[in-house]
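Visitor: Please find one structure pasted underneath; my questions will follow.
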Amino acid sequence: MRLFGVLVAATLASLAIAHPGPHRKATRAEISRRQELSARCAQHAGEYNAKRWKRVLGKRQDNLAFEDTIETPYYRTIQNGTCVLTPDVTSGPYWWANSQTLRQDISEDQPGVPLLLDIGVLDMATCQPLEGVLVDVWHCNATGKYSSFTGLPNDISKTEMLQGLDLTWFEPGQSDIHTDNETWLRGLWPTDSNGMAEMKTIFPGFYFGRAIHIHVQVHTDWVLRDNGTLASGKTVSTGQIFFDEELEQQITALEPYSSVTGFQRVVNGLDDTFHNENTDGYNAVVSVIPMDGVDVRNGMIGYITIGVDTETVDSKFPVR
């Protein structure tokens, strides 16, 4: 984790993101191993849950200031039984290495419902929190656009989009289809001594053919460049996290989410990736509480535990 100490002070307020690219599909043996690890760590995740909610609900202040929790996560320790212990899923086409940098506040004044996303990382080999791993997050804005790809249509299928670009072959991490240098809603941050990383963002919107989701990767043995982007590392988890359908209905009824028309939002139950992330005891749905203790539409704090298998590594991403 060289360069981290030097970079943190310089990047807290300004740096913009990156996300390492392609990954191979998990083998049957790896999936079976993760299922075994998931079952073994289930009790630990449940114990974290009980301890954490008791502590959080006892100390939570009404009208919590959104900005006040940056740097130190709102949730101090892993506490929740929502734990993604899953085979890797696609990173998708919307990542661009030059846009991802070390920072916690990735909102960049994008309109939408505020979301403080606390991500706990659990080592499945030990069932203990992982300190110092790099959590990598990116997602679309309230109207379904991704930064660095704002010039691409979001109201048609990915296949149609790629055909419109005259691409006969596309590989995440290898094919460059970025259209601009925008950086909003993308960021990297390391976990603290409790295995926690927090991002300040907004509740994501949706685009054609997909349920509402956030992309998350976890990297170990990482090294940053002077500009805060990722130079190298080992990718031990690539996944997508989701939200409860009832919550999504509340949020997408608000502006600017409701301004997306012409196609219907895909519900979780009809999203293939959602089913891939929620099988065999895995749970990729974020737990949420209102930021003000009253109404999630005024802002929310979300929490999820990412269970990672540090022995299954994919380090294949561009070093630029």
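Lettering and numbering for the structure tokens are positional, with chains as A, B, ... in the shown order, residues counted from 1 in each chain, and ligands counted from 1 in the shown order.
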Leaving out Lys145 of chain A and any residue of its chain fewer than 5 positions from it, which residues lie within 7 Å of it when counting only C-alpha atoms, given as a list of chain:residue names?
Guide: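 Within the cut-off, the hits are A:Cys140, A:Thr150, A:Asn154.
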Visitor: Take the residues from that selection and write them out as a PDB file, in the first residue's frame, keeping all heavy atoms.
Guide:
ATOM      1  N   CYS A 140     -24.300   4.716 -11.754  1.00  0.00           N
ATOM      2  CA  CYS A 140     -24.896   5.755 -12.595  1.00  0.00           C
ATOM      3  C   CYS A 140     -25.544   6.835 -11.737  1.00  0.00           C
ATOM      4  O   CYS A 140     -25.753   6.667 -10.543  1.00  0.00           O
ATOM      5  CB  CYS A 140     -25.905   5.151 -13.565  1.00  0.00           C
ATOM      6  SG  CYS A 140     -27.452   4.576 -12.792  1.00  0.00           S
ATOM      7  N   THR A 150     -21.023   9.702 -20.706  1.00  0.00           N
ATOM      8  CA  THR A 150     -22.258  10.468 -20.819  1.00  0.00           C
ATOM      9  C   THR A 150     -22.733  10.589 -22.260  1.00  0.00           C
ATOM     10  O   THR A 150     -23.906  10.897 -22.496  1.00  0.00           O
ATOM     11  CB  THR A 150     -22.086  11.875 -20.218  1.00  0.00           C
ATOM     12  OG1 THR A 150     -21.035  12.558 -20.916  1.00  0.00           O
ATOM     13  CG2 THR A 150     -21.733  11.782 -18.737  1.00  0.00           C
ATOM     14  N   ASN A 154     -28.626   5.650 -22.925  1.00  0.00           N
ATOM     15  CA  ASN A 154     -28.951   4.757 -21.819  1.00  0.00           C
ATOM     16  C   ASN A 154     -30.383   4.239 -21.897  1.00  0.00           C
ATOM     17  O   ASN A 154     -30.906   3.677 -20.937  1.00  0.00           O
ATOM     18  CB  ASN A 154     -28.730   5.453 -20.475  1.00  0.00           C
ATOM     19  CG  ASN A 154     -29.666   6.619 -20.262  1.00  0.00           C
ATOM     20  OD1 ASN A 154     -30.279   7.127 -21.200  1.00  0.00           O
ATOM     21  ND2 ASN A 154     -29.784   7.069 -19.019  1.00  0.00           N
TER      22      ASN A 154
END
Visitor: Please list as a list in words every residue within 8 Å of segment 179-181 of chain A, counting only C-alpha atoms and excluding residues in the same chain fewer than 2 positions away.
Guide: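 Neighbouring residues, sequence-local ones excluded: Asn98, Ser99, Ser147, Ser148, Phe149, Thr150, Gly151, Leu152, Ile177 and Thr183 of chain A.
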Visitor: If you count only C-alpha atoms, which residues fall within 6 Å of Thr220 of chain A, apart from same-chain ones fewer than 6 positions away, as an mmCIF file with all heavy atoms, in the first residue's frame?
Guide:
data_model
loop_
_atom_site.group_PDB
_atom_site.id
_atom_site.type_symbol
_atom_site.label_atom_id
_atom_site.label_comp_id
_atom_site.auth_asym_id
_atom_site.auth_seq_id
_atom_site.Cartn_x
_atom_site.Cartn_y
_atom_site.Cartn_z
ATOM 1 N N VAL A 133 -7.682 -2.864 2.782
ATOM 2 C CA VAL A 133 -7.974 -3.242 1.402
ATOM 3 C C VAL A 133 -8.704 -2.080 0.734
ATOM 4 O O VAL A 133 -9.360 -1.278 1.394
ATOM 5 C CB VAL A 133 -8.816 -4.534 1.313
ATOM 6 C CG1 VAL A 133 -8.032 -5.710 1.867
ATOM 7 C CG2 VAL A 133 -10.145 -4.394 2.043
ATOM 8 N N GLY A 233 -2.568 -3.984 -8.270
ATOM 9 C CA GLY A 233 -3.256 -4.571 -7.133
ATOM 10 C C GLY A 233 -3.842 -5.914 -7.499
ATOM 11 O O GLY A 233 -3.810 -6.327 -8.659
ATOM 12 N N LYS A 234 -4.358 -6.592 -6.507
ATOM 13 C CA LYS A 234 -4.994 -7.893 -6.707
ATOM 14 C C LYS A 234 -6.492 -7.737 -6.457
ATOM 15 O O LYS A 234 -6.909 -7.368 -5.358
ATOM 16 C CB LYS A 234 -4.402 -8.927 -5.758
ATOM 17 C CG LYS A 234 -2.910 -9.185 -5.982
ATOM 18 C CD LYS A 234 -2.366 -10.153 -4.936
ATOM 19 C CE LYS A 234 -0.875 -10.393 -5.151
ATOM 20 N NZ LYS A 234 -0.308 -11.282 -4.101
#
Visitor: List every residue of segment 98-209 of chain A that DSSP, applied to the backbone of this structure, assigns to strand (DSSP E or B), and report them as a count of residues only.
Guide: 31
Visitor: Find the residues near Gly187 of chain A: any atom within 10 Å, counting only C-alpha atoms, skip ones fewer than 2 places away on the same chain, and give them as a list in words.
Guide: Leu15, Ala16, Ile17, Ala18, His19, Ser99, Gln100, Thr101, Leu102, Arg103, Gln104, Asp105, Ile106, Ser107, Val135, Asp136, Val137, Trp138, His139, Thr183, Trp184, Leu185, Trp189, Met199, Lys200, Thr201, Val216 and Thr229 of chain A
Visitor: State, in Å with one decimal place, the distance from atom CA of Pro111 of chain A to atom CA of Glu160 of chain A.
Guide: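 Going from atom CA of Pro111 of chain A over to atom CA of Glu160 of chain A covers 28.0 Å.
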Visitor: For Phe203 of chain A, work out the shell of residues within 7 Å, counting only C-alpha atoms and skipping chain neighbours fewer than 4 positions away, then give it as number ranges by chain.
Guide: A: 112-115
Visitor: Extract the full set of helix (DSSP H, G or I) residues from segment 120-187 of chain A according to DSSP on the backbone, and format it as a list of chain:residue names.
Guide: A:Lys158, A:Thr159, A:Glu160, A:Met161, A:Leu162, A:Gln163, A:Gly164
Visitor: Would you please work out which residue, of A:Met124, A:Val285, A:Leu165, A:Met300, is nearest to Pro153 of chain A when using only C-alpha atoms?
Guide: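 Distance minimum relative to Pro153 of chain A lands on A:Leu165.
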Visitor: Just to confirm, what's the straight-line distance from atom CA of Tyr74 of chain A to atom CA of Asp118 of chain A in Å (one decimal)?
Guide: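 Distance reported for this atom pair: 7.3 Å.
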Visitor: Need the shell around Phe242 of chain A: protein/DNA/RNA residues with any atom at most 8 Å away, counting only C-alpha atoms. Skip same-chain ones fewer than 2 positions apart. Format as a PyMOL selection string?
Guide: chain A and resi 211-214+240+244+268+274+284-286
Visitor: Between A:Glu255, A:Asp226, A:Asp176, A:Asp272, which is the closest to Tyr94 of chain A once you count only C-alpha atoms?
Guide: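 Using only C-alpha atoms, the shortest distance to Tyr94 of chain A belongs to A:Asp176.
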Visitor: Can you tell me, as a PyMOL selection string, what residues are no more than 10 Å from Ile119 of chain A when counting only C-alpha atoms, ignoring any on the same chain fewer than 2 positions away?
Guide: chain A and resi 73+75+77-78+116-117+121-122+135+137+191+195-199+216+286+302-306
Visitor: In Å, rounded to a single decimal, give me how far atom CA of Phe206 of chain A is from atom CA of Ser175 of chain A.
Guide: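 About the pair atom CA of Ser175 of chain A and atom CA of Phe206 of chain A: they are 23.1 Å apart.
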Visitor: Rank nothing, just name the residue among A:Gly120, A:Leu254, A:Asn194, A:Trp95 nearest to Asn298 of chain A, using only C-alpha atoms.
Guide: A:Leu254
Visitor: Given the choices A:Pro93, A:Gln249, A:Asn276, A:Tyr257, which gets closest to Lys158 of chain A if the distance is worked out from only C-alpha atoms?
Guide: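 Nearest to Lys158 of chain A: A:Pro93.
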